[in-house]
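Structure record follows, encoded as structure tokens.
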Amino acid sequence: MKAQNQYIKLKNGSPILTADIPVLSYNDFRVQTIKLLLDFDKAHCSNYFAIPKGIGFQLIVIIAADVNHDFLVFSHQLLSIETALESLTQDHFAFHIFEREIHENFNIQFLNHPWLKPVRFAHNRADQSKQIANYPFYHFDSTEMHEVSVGPIHAGIIEPGHFKFSCHGETVKHLEIQLGWQHRGIETLMLHKKTDLQRTLLAESITADSAIAHTLAFVTAMESLSQIKVDANLNLERTIALELERLAIHTGDLCGMCTDVAYQLGSSVFNALRTPIINFTQRWCGNRFGKGLIRIGGTHYPLKEGLKSDLILVLNEFESRFVEMAEKTFNIPSVIKRFDGIGIISKINVGLLGCVGMVAKTVGYKRDIRLSHPFGYYKTVEFEPKTCISGDVMARGFLRYQEALQSIQLIKTMLELHKSELVSSKPDYKVVLNPNSICVSATEGWRGEIIHTALTDQNGQLEWYKIKDPSMHNWKALELSLRNIEISDFPINNKSYDLSYSGHDL
Amino acid sequence: MLSSILILICAIVFPGLIAVTKAKFSGRRGPSVWQPWYDIFRLLKKGSIFSTTTSIIFQVAPVINILVLIIAALFIPFTNKYAGFIHFEGDFLLFIYLLALGKFFIIISALDVGSGFEGMGANREALFSMLIEPAIFMIMAALVLLTGQSSLAEMFTTFNLDSSSSILFVVLSCYILLQFSLIESSRLPIDDPKTHLELTMIHEVMVLDNSGFDMALVGIGNALKFSIFGGIIANVVLILWELPLWQEVLIFILIEIIFAITIGVLESFRARLKMIYNSQFVLTISGIAVVMFLMILLLENHL
């Protein structure tokens, strides 16, 4: 038996040499992975991916140790594609989506994987015979059940996704979600685009409702790989932007949830409340979603004194109206009846699925990068994430309310610390990256942890860029919470999760 | 005939009034009262598209629906002054089943499309219609019991407020008719006419495949249905007083307007029900109607 703990500890946004990642035999790799993930409260799988290396592939797993601020990284070198690997999914279900992705991209075989279906149908996938048209849906061979297919084109302006409900009467027995309709190839484009501005723009467009969080993750990775130090003031501005994004999207989602249960008052008030927040972002940087705000090494849009007082006014006005409306919404019997106990996901299932962010927090896991792997301003404070325990629509709605209030407080505190007379430097679009390095950069978007992993080659060029949106983990939770509930409760469930299609279809 | 004309006039402003009320209560300016009719006229100018899986039923259903609603409107008397355009012994049975016939055709045309959504909607609509049917029959039966007549026109002429059971009838039947019309016209809390989510729809999902001219007919049908129920409520209220004709006409229109605004207000401040509780809700309304009928039976010493 080999010695214990063959992994390297990595802090959020601090680079190491790629060669320092321990390479284990597959058996050790597997045993260690499963052992590290035994306690759901202490660790979860953040990312697992393969990169082509030499004649084979290097499988790298990144495990987030949630208690001591570390990412545990180790790897296995697969020499030949002919070697089939025993799948990790059998022992830890959270790996299902990552193994599916690896299988789809490189045709690496996993034995005993229960659900080895295509993920996103990338143009450069290994097996071109796997088409959207012949996706192997789970099918009940029953004369009593019927199937309802929804999408990929939906009513309302949302993204493409196909939902197949297997129903018995009005009850959903099984929901299968097939994504992968967008074929954007963002990770490949990240390597093809050579200038940093192009890459930043790509990062901004990963998913528009988390534009700030994704760009921040990208920018942090680039800065740490090129040893650019960011001053505290700029860090504050970025974190303010991130919390503003959280505040705006949470408010918008509360509006969406009210719309879905036909509670008109909440719907229109929350919708109107979201506007001043995103309008402020527009006044700040010219874009309501904060595109253009976060740039490598500096900023084009410093938070000036006028903007700060503007923001304080906006927030004060927002807070009182928001609290009044939220208290009303969560206390009206007809709304409570539509939220309470609908679409429950159990704590054990969330743990098994390795869900992150809001989904984990609604069942009581304190999985929040702001606490577990702090970045920017959060390094200087003791952040305490809000949690719920019931895991239903009510929890997902109430958590949004609580997190929005927390964001307001955070922004107000940060505004006091921020010194607008200090002028940050201009962005640097020609950064020189450390050669042969790997950097894991994580931010907590409003959905959950966003992990960007950048690897450089010996010339300091980007060799591999891996993006993980929290939706990768969490879509499965939506499927599970639909089991044995009415099909008419799907929309409110879907809205309460509000997962990203584009974050999944990279 | 007068009431049929009034019902048609009220049907014109009805959908717009609900929309404007809801907009005002949510702090928006809202569309013009005529907006639903601009939409209907726009649709009337367009042709319809029929899926290749549909048969003749899908094509005739909207026309039959609108026709039976117009015929049903002709049955409504104007308080105790004018009988409806069509009236005969036992016409209330035909009136109720004309409404059911229109709905029946919409339901089978939805099944005709063969889409997973529309079958689901048809199933729900049929269930809730079945559960609410006793309510309207109990109201009619109570009227027959109180008046001894079996024609809508005669019922309203003979009806008087001499007995305590008549007052009980007026109060309860107004409430039941309000809820009945909400259920029949697929409004909150049973259904949400504004939703874009097919899986939660009841009525809207059945007409997903209708387009152009047919869609316009469906829209007119919905407005007309509302107005007919409003007309019945107005009649029930108006028999409380003996007033000159012009005042009664004004009050008739006023009641229709109040009815529309009431629906708008009700829809502004509540969420819709979870689908599984819909049947309970509908049954409760039917239950109240049954209790009302039994109480009148007791009070009138028919038991």
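We label chains A, B, ... in the order they appear in the structure tokens, count residues from 1 in each chain, and number ligands from 1 in the order shown.
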
Can I get the residues of chain B within 7 Å of chain A, each with the closest pair of atoms and their distance in Å to one decimal, using only C-alpha atoms, sorted chain first then ascending number, as a tab-separated table?
```
residue	atom	partner	partner_atom	distance
B:Ser26	CA	A:Leu265	CA	5.5
B:Gly116	CA	A:Val148	CA	5.4
B:Asp192	CA	A:Ala262	CA	6.4
B:His196	CA	A:Ala155	CA	5.9
B:Leu197	CA	A:Pro491	CA	6.7
B:Leu199	CA	A:Ser488	CA	5.1
B:Thr200	CA	A:Ser488	CA	4.4
B:Ser268	CA	A:Gln264	CA	5.3
B:Phe269	CA	A:Leu265	CA	6.2
B:Arg270	CA	A:Tyr263	CA	5.5
B:Ala271	CA	A:Tyr263	CA	4.2
B:Arg272	CA	A:Ala262	CA	5.6
B:Leu273	CA	A:Arg338	CA	6.9
B:Lys274	CA	A:Arg338	CA	6.0
B:Met275	CA	A:Ser488	CA	6.7
```

Print the selection's residues with N, CA and C atoms to a file, as a compact mmCIF listing (two decimals), in the first residue's frame.
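Listed below is the output, result.txt:
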```txt
# COMPACT_ATOMS: atom_id res chain seq x y z
N SER B 26 -50.89 46.51 -10.23
CA SER B 26 -49.47 46.17 -10.11
C SER B 26 -48.62 47.40 -10.43
N GLY B 116 -48.93 16.02 -26.79
CA GLY B 116 -48.90 15.61 -25.38
C GLY B 116 -49.49 16.67 -24.48
N ASP B 192 -54.28 30.02 -14.92
CA ASP B 192 -53.70 31.34 -15.08
C ASP B 192 -53.66 31.67 -16.57
N HIS B 196 -47.16 31.46 -19.56
CA HIS B 196 -46.56 30.97 -20.79
C HIS B 196 -46.10 29.53 -20.60
N LEU B 197 -46.44 28.93 -19.44
CA LEU B 197 -45.92 27.61 -19.11
C LEU B 197 -46.95 26.54 -19.45
N LEU B 199 -47.12 23.45 -19.20
CA LEU B 199 -47.38 22.34 -18.30
C LEU B 199 -48.37 22.71 -17.21
N THR B 200 -48.54 24.00 -16.93
CA THR B 200 -49.45 24.39 -15.87
C THR B 200 -50.79 24.85 -16.41
N SER B 268 -55.15 39.89 -8.78
CA SER B 268 -53.94 40.66 -8.50
C SER B 268 -53.27 40.24 -7.21
N PHE B 269 -54.06 39.77 -6.24
CA PHE B 269 -53.51 39.61 -4.90
C PHE B 269 -53.48 38.18 -4.41
N ARG B 270 -53.51 37.23 -5.30
CA ARG B 270 -53.40 35.86 -4.84
C ARG B 270 -52.60 35.07 -5.86
N ALA B 271 -52.04 33.96 -5.40
CA ALA B 271 -51.37 33.06 -6.32
C ALA B 271 -52.37 32.00 -6.74
N ARG B 272 -52.06 31.31 -7.81
CA ARG B 272 -52.99 30.26 -8.23
C ARG B 272 -52.81 29.03 -7.36
N LEU B 273 -53.78 28.12 -7.44
CA LEU B 273 -53.71 26.91 -6.63
C LEU B 273 -52.78 25.89 -7.26
N LYS B 274 -52.26 25.04 -6.41
CA LYS B 274 -51.55 23.86 -6.90
C LYS B 274 -52.58 22.98 -7.59
N MET B 275 -52.16 22.37 -8.70
CA MET B 275 -53.13 21.65 -9.54
C MET B 275 -53.95 20.63 -8.75
```

| field | Residues within 9 Å of A:Phe110, only C-alpha atoms, excluding chain neighbours under 3 positions, as a list in words | value | Ala84, Leu85, Glu86, Ser87, Leu88, Glu99, Arg100, His103, His113 and Leu116 of chain A

Expected file: the selected residues, N, CA, C and O atoms, as a CSV table (one decimal), in the first residue's frame:
```
chain,number,residue,atom,x,y,z
A,84,ALA,N,-9.7,0.6,-20.6
A,84,ALA,CA,-11.0,1.1,-20.0
A,84,ALA,C,-10.8,1.2,-18.5
A,84,ALA,O,-10.1,0.5,-17.8
A,85,LEU,N,-11.4,2.3,-18.0
A,85,LEU,CA,-11.2,2.6,-16.6
A,85,LEU,C,-12.5,2.3,-15.8
A,85,LEU,O,-13.6,2.4,-16.3
A,86,GLU,N,-12.3,1.8,-14.6
A,86,GLU,CA,-13.5,1.5,-13.7
A,86,GLU,C,-14.1,2.9,-13.3
A,86,GLU,O,-13.3,3.8,-12.9
A,87,SER,N,-15.4,3.1,-13.5
A,87,SER,CA,-15.9,4.4,-13.3
A,87,SER,C,-16.0,4.8,-11.9
A,87,SER,O,-16.2,4.0,-11.0
A,88,LEU,N,-15.7,6.1,-11.6
A,88,LEU,CA,-15.8,6.6,-10.2
A,88,LEU,C,-17.3,6.8,-9.8
A,88,LEU,O,-17.6,6.8,-8.7
A,99,GLU,N,-17.4,12.3,-15.9
A,99,GLU,CA,-17.0,11.1,-16.7
A,99,GLU,C,-17.7,11.1,-18.1
A,99,GLU,O,-17.1,10.7,-19.1
A,100,ARG,N,-19.0,11.5,-18.1
A,100,ARG,CA,-19.7,11.6,-19.4
A,100,ARG,C,-19.0,12.6,-20.3
A,100,ARG,O,-18.8,12.3,-21.5
A,103,HIS,N,-15.7,11.1,-21.5
A,103,HIS,CA,-16.0,10.1,-22.5
A,103,HIS,C,-16.5,10.7,-23.8
A,103,HIS,O,-16.0,10.2,-24.9
A,113,HIS,N,-20.3,2.6,-15.8
A,113,HIS,CA,-21.0,3.9,-15.6
A,113,HIS,C,-22.5,3.7,-15.9
A,113,HIS,O,-22.8,3.2,-16.9
A,116,LEU,N,-23.9,6.7,-19.2
A,116,LEU,CA,-22.8,7.3,-20.0
A,116,LEU,C,-23.4,7.9,-21.3
A,116,LEU,O,-23.2,7.4,-22.4
```

| message | I want to know what sits within 9 Å of stretch 173-187 of chain A, based on only C-alpha atoms, with residues of the same chain fewer than 2 positions away left out; could you give that as a count of residues only? | response | 49

| DSSP-assigned alpha helix (DSSP H) among stretch 123-297 of chain B, expressed as a PyMOL selection string | chain B and resi 123-147+152-158+164-184+212-238+245-268+275-297

Quick one: residues within 9 Å of stretch 310-322 of chain A, only C-alpha atoms, excluding same-chain residues fewer than 5 positions away - as a CSV table (one decimal) with all heavy atoms, in the first residue's frame?
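Output file result_17.csv follows:
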```
chain,number,residue,atom,x,y,z
A,251,THR,N,-33.2,39.0,-7.1
A,251,THR,CA,-34.5,39.8,-7.2
A,251,THR,C,-35.3,39.3,-8.4
A,251,THR,O,-36.5,39.1,-8.4
A,251,THR,CB,-34.2,41.3,-7.2
A,251,THR,OG1,-33.3,41.6,-6.2
A,251,THR,CG2,-35.5,42.1,-7.0
A,269,VAL,N,-43.6,43.8,-8.6
A,269,VAL,CA,-42.8,44.6,-7.7
A,269,VAL,C,-41.3,44.2,-7.8
A,269,VAL,O,-40.4,45.0,-7.9
A,269,VAL,CB,-43.3,44.6,-6.3
A,269,VAL,CG1,-42.3,45.2,-5.3
A,269,VAL,CG2,-44.7,45.3,-6.2
A,270,PHE,N,-41.1,42.9,-7.8
A,270,PHE,CA,-39.7,42.4,-7.8
A,270,PHE,C,-39.1,42.8,-9.2
A,270,PHE,O,-37.9,43.1,-9.3
A,270,PHE,CB,-39.6,40.9,-7.6
A,270,PHE,CG,-39.8,40.5,-6.2
A,270,PHE,CD1,-40.7,39.6,-5.8
A,270,PHE,CD2,-39.0,41.1,-5.2
A,270,PHE,CE1,-40.9,39.2,-4.4
A,270,PHE,CE2,-39.1,40.7,-3.9
A,270,PHE,CZ,-40.0,39.8,-3.5
A,273,LEU,N,-38.1,46.2,-9.0
A,273,LEU,CA,-37.0,46.5,-8.1
A,273,LEU,C,-35.6,46.1,-8.7
A,273,LEU,O,-34.6,46.7,-8.3
A,273,LEU,CB,-37.2,45.6,-6.8
A,273,LEU,CG,-38.1,46.2,-5.8
A,273,LEU,CD1,-38.4,45.3,-4.6
A,273,LEU,CD2,-37.5,47.5,-5.2
A,274,ARG,N,-35.7,45.1,-9.6
A,274,ARG,CA,-34.4,44.7,-10.2
A,274,ARG,C,-33.8,45.8,-11.0
A,274,ARG,O,-32.6,45.9,-11.1
A,274,ARG,CB,-34.7,43.4,-11.0
A,274,ARG,CG,-33.5,42.9,-11.8
A,274,ARG,CD,-34.0,41.6,-12.5
A,274,ARG,NE,-33.2,41.3,-13.6
A,274,ARG,CZ,-33.6,41.6,-14.9
A,274,ARG,NH1,-34.7,42.2,-15.1
A,274,ARG,NH2,-32.8,41.3,-15.9
A,276,PRO,N,-33.5,49.2,-10.9
A,276,PRO,CA,-32.6,50.2,-10.4
A,276,PRO,C,-31.2,49.6,-10.2
A,276,PRO,O,-30.2,50.3,-10.4
A,276,PRO,CB,-33.2,50.7,-9.1
A,276,PRO,CG,-34.3,49.9,-8.8
A,276,PRO,CD,-34.7,49.2,-10.1
A,277,ILE,N,-31.1,48.3,-9.8
A,277,ILE,CA,-29.8,47.7,-9.6
A,277,ILE,C,-29.1,47.5,-10.9
A,277,ILE,O,-27.9,48.0,-11.0
A,277,ILE,CB,-30.0,46.3,-8.9
A,277,ILE,CG1,-30.8,46.4,-7.6
A,277,ILE,CG2,-28.6,45.7,-8.6
A,277,ILE,CD1,-30.1,47.2,-6.5
A,280,PHE,N,-28.0,50.8,-12.3
A,280,PHE,CA,-26.8,51.3,-11.7
A,280,PHE,C,-25.6,50.7,-12.3
A,280,PHE,O,-24.6,51.4,-12.6
A,280,PHE,CB,-26.8,51.1,-10.2
A,280,PHE,CG,-25.5,51.5,-9.6
A,280,PHE,CD1,-25.2,52.8,-9.3
A,280,PHE,CD2,-24.5,50.5,-9.3
A,280,PHE,CE1,-23.9,53.2,-8.8
A,280,PHE,CE2,-23.2,50.9,-8.9
A,280,PHE,CZ,-23.0,52.2,-8.6
A,305,GLU,N,-16.5,58.8,-6.7
A,305,GLU,CA,-17.3,59.3,-5.5
A,305,GLU,C,-18.8,59.5,-5.9
A,305,GLU,O,-19.7,59.0,-5.1
A,305,GLU,CB,-16.7,60.7,-5.1
A,305,GLU,CG,-17.2,61.1,-3.7
A,305,GLU,CD,-17.0,60.0,-2.6
A,305,GLU,OE1,-15.8,59.5,-2.5
A,305,GLU,OE2,-18.0,59.6,-2.0
A,327,GLU,N,-41.4,40.1,2.6
A,327,GLU,CA,-42.1,39.7,3.8
A,327,GLU,C,-43.6,39.4,3.4
A,327,GLU,O,-44.1,38.4,3.9
A,327,GLU,CB,-42.1,40.8,4.8
A,327,GLU,CG,-40.7,40.9,5.5
A,327,GLU,CD,-40.4,39.6,6.3
A,327,GLU,OE1,-41.3,39.0,6.8
A,327,GLU,OE2,-39.2,39.3,6.4
A,401,TYR,N,-33.9,35.5,-0.9
A,401,TYR,CA,-34.3,36.7,-0.1
A,401,TYR,C,-33.2,37.0,0.9
A,401,TYR,O,-32.6,38.1,1.0
A,401,TYR,CB,-35.6,36.4,0.6
A,401,TYR,CG,-36.1,37.4,1.7
A,401,TYR,CD1,-35.8,38.8,1.6
A,401,TYR,CD2,-36.8,36.9,2.8
A,401,TYR,CE1,-36.2,39.6,2.6
A,401,TYR,CE2,-37.2,37.8,3.8
A,401,TYR,CZ,-36.9,39.1,3.7
A,401,TYR,OH,-37.3,40.0,4.7
A,405,LEU,N,-30.4,40.2,1.0
A,405,LEU,CA,-30.2,41.1,2.2
A,405,LEU,C,-28.7,41.1,2.6
A,405,LEU,O,-28.1,42.2,2.9
A,405,LEU,CB,-31.0,40.6,3.4
A,405,LEU,CG,-32.5,40.8,3.2
A,405,LEU,CD1,-33.2,40.4,4.5
A,405,LEU,CD2,-32.9,42.3,2.9
A,408,ILE,N,-26.7,43.2,0.3
A,408,ILE,CA,-26.8,44.6,0.5
A,408,ILE,C,-25.8,45.1,1.7
A,408,ILE,O,-25.1,46.1,1.5
A,408,ILE,CB,-28.2,45.0,0.9
A,408,ILE,CG1,-29.2,44.7,-0.3
A,408,ILE,CG2,-28.4,46.4,1.3
A,408,ILE,CD1,-30.6,44.8,0.0
A,411,ILE,N,-22.2,45.0,0.5
A,411,ILE,CA,-21.9,46.1,-0.4
A,411,ILE,C,-21.7,47.4,0.4
A,411,ILE,O,-20.8,48.2,0.2
A,411,ILE,CB,-23.0,46.3,-1.5
A,411,ILE,CG1,-23.1,45.1,-2.4
A,411,ILE,CG2,-22.7,47.6,-2.3
A,411,ILE,CD1,-24.2,45.1,-3.4
A,412,LYS,N,-22.6,47.6,1.4
A,412,LYS,CA,-22.5,48.8,2.2
A,412,LYS,C,-21.2,48.8,3.0
A,412,LYS,O,-20.6,49.9,3.1
A,412,LYS,CB,-23.7,48.9,3.2
A,412,LYS,CG,-25.0,49.3,2.5
A,412,LYS,CD,-26.1,49.5,3.5
A,412,LYS,CE,-27.4,50.0,2.8
A,412,LYS,NZ,-28.6,49.9,3.6
A,415,LEU,N,-18.4,49.6,0.6
A,415,LEU,CA,-18.4,51.0,0.2
A,415,LEU,C,-17.7,51.9,1.2
A,415,LEU,O,-17.0,52.9,0.8
A,415,LEU,CB,-19.8,51.5,-0.1
A,415,LEU,CG,-20.4,51.1,-1.4
A,415,LEU,CD1,-21.9,51.5,-1.5
A,415,LEU,CD2,-19.7,51.6,-2.6
```

| said: What's around A:Ile8 at 8 Å? Count only C-alpha atoms, leave out sequence neighbours fewer than 6 positions away in its own chain, and write the answer as number ranges by chain. | reply: A: 20-22, 72-74

Using only all heavy atoms, please write the residues we just selected to a file, as a compact mmCIF listing (two decimals), in the first residue's frame.
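Okay, selection_30.txt is ready:
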```txt
# COMPACT_ATOMS: atom_id res chain seq x y z
N ASP A 20 4.14 19.44 -10.53
CA ASP A 20 4.00 19.14 -9.11
C ASP A 20 2.76 18.33 -8.78
O ASP A 20 2.61 17.87 -7.65
CB ASP A 20 3.96 20.45 -8.30
CG ASP A 20 5.32 21.12 -8.29
OD1 ASP A 20 6.30 20.44 -8.65
OD2 ASP A 20 5.39 22.31 -7.95
N ILE A 21 1.84 18.21 -9.74
CA ILE A 21 0.63 17.44 -9.46
C ILE A 21 1.00 15.96 -9.39
O ILE A 21 1.57 15.42 -10.33
CB ILE A 21 -0.41 17.63 -10.58
CG1 ILE A 21 -0.78 19.11 -10.71
CG2 ILE A 21 -1.65 16.79 -10.32
CD1 ILE A 21 -1.71 19.39 -11.85
N PRO A 22 0.72 15.31 -8.28
CA PRO A 22 1.08 13.89 -8.17
C PRO A 22 0.34 13.06 -9.22
O PRO A 22 -0.83 13.31 -9.50
CB PRO A 22 0.61 13.51 -6.77
CG PRO A 22 0.31 14.78 -6.08
CD PRO A 22 0.04 15.80 -7.10
N LEU A 72 -7.62 20.19 -3.40
CA LEU A 72 -6.71 19.05 -3.45
C LEU A 72 -6.67 18.57 -4.89
O LEU A 72 -7.69 18.21 -5.47
CB LEU A 72 -7.20 17.93 -2.53
CG LEU A 72 -7.64 18.39 -1.13
CD1 LEU A 72 -8.16 17.20 -0.35
CD2 LEU A 72 -6.50 19.05 -0.40
N VAL A 73 -5.46 18.57 -5.47
CA VAL A 73 -5.33 18.23 -6.87
C VAL A 73 -4.41 17.03 -7.01
O VAL A 73 -3.34 16.98 -6.42
CB VAL A 73 -4.76 19.42 -7.67
CG1 VAL A 73 -4.72 19.11 -9.15
CG2 VAL A 73 -5.58 20.67 -7.42
N PHE A 74 -4.85 16.05 -7.78
CA PHE A 74 -3.98 14.92 -8.14
C PHE A 74 -4.46 14.34 -9.45
O PHE A 74 -5.49 14.77 -9.98
CB PHE A 74 -3.92 13.86 -7.03
CG PHE A 74 -5.27 13.42 -6.52
CD1 PHE A 74 -5.85 12.24 -6.97
CD2 PHE A 74 -5.94 14.18 -5.56
CE1 PHE A 74 -7.07 11.83 -6.49
CE2 PHE A 74 -7.18 13.77 -5.09
CZ PHE A 74 -7.75 12.60 -5.55
```

| request: Excluding B:Leu299 and any residue of its chain fewer than 5 positions from it, enumerate the residues within 9 Å of it, using only C-alpha atoms, and give them as an MDAnalysis selection string. | output: chainID B and resid 163:165 294

Include C-alpha atoms and write out the residues we just selected as a PDB file, in the first residue's frame.
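Saved as selection-v3.pdb:
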```
ATOM      1  CA  SER B 163     -89.464  34.326   1.632  1.00  0.00           C
ATOM      2  CA  SER B 164     -86.234  34.127   3.555  1.00  0.00           C
ATOM      3  CA  SER B 165     -85.100  31.337   1.247  1.00  0.00           C
ATOM      4  CA  LEU B 294     -80.959  21.509   0.569  1.00  0.00           C
TER       5      LEU B 294
END
```

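Taking atom CA of B:Asp91 as the reference point, atom CA of B:Ala122 is found at 27.8 Å.
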
| message | I'd like the interatomic distance between atom CA of A:Ala404 and atom CA of A:Ile63, to a tenth of an Å. | response | 28.3 Å

| request: Determine the nearest neighbour of A:Asp70 from the options A:Ile369, A:Ile157, A:Val431, A:Leu422, counting only C-alpha atoms. | output: A:Ile369

| request: Quick one: everything within 9 Å of stretch 166-174 of chain B, counting only C-alpha atoms, minus sequence neighbours fewer than 6 positions away in the same chain. Send it as a PyMOL selection string. | output: chain B and resi 139+142-143+146+159-160+232-234+236-237+240+288-289+292-293+295-296

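You will find atom CA of B:Glu89 at 8.0 Å from atom CA of B:Gln149.
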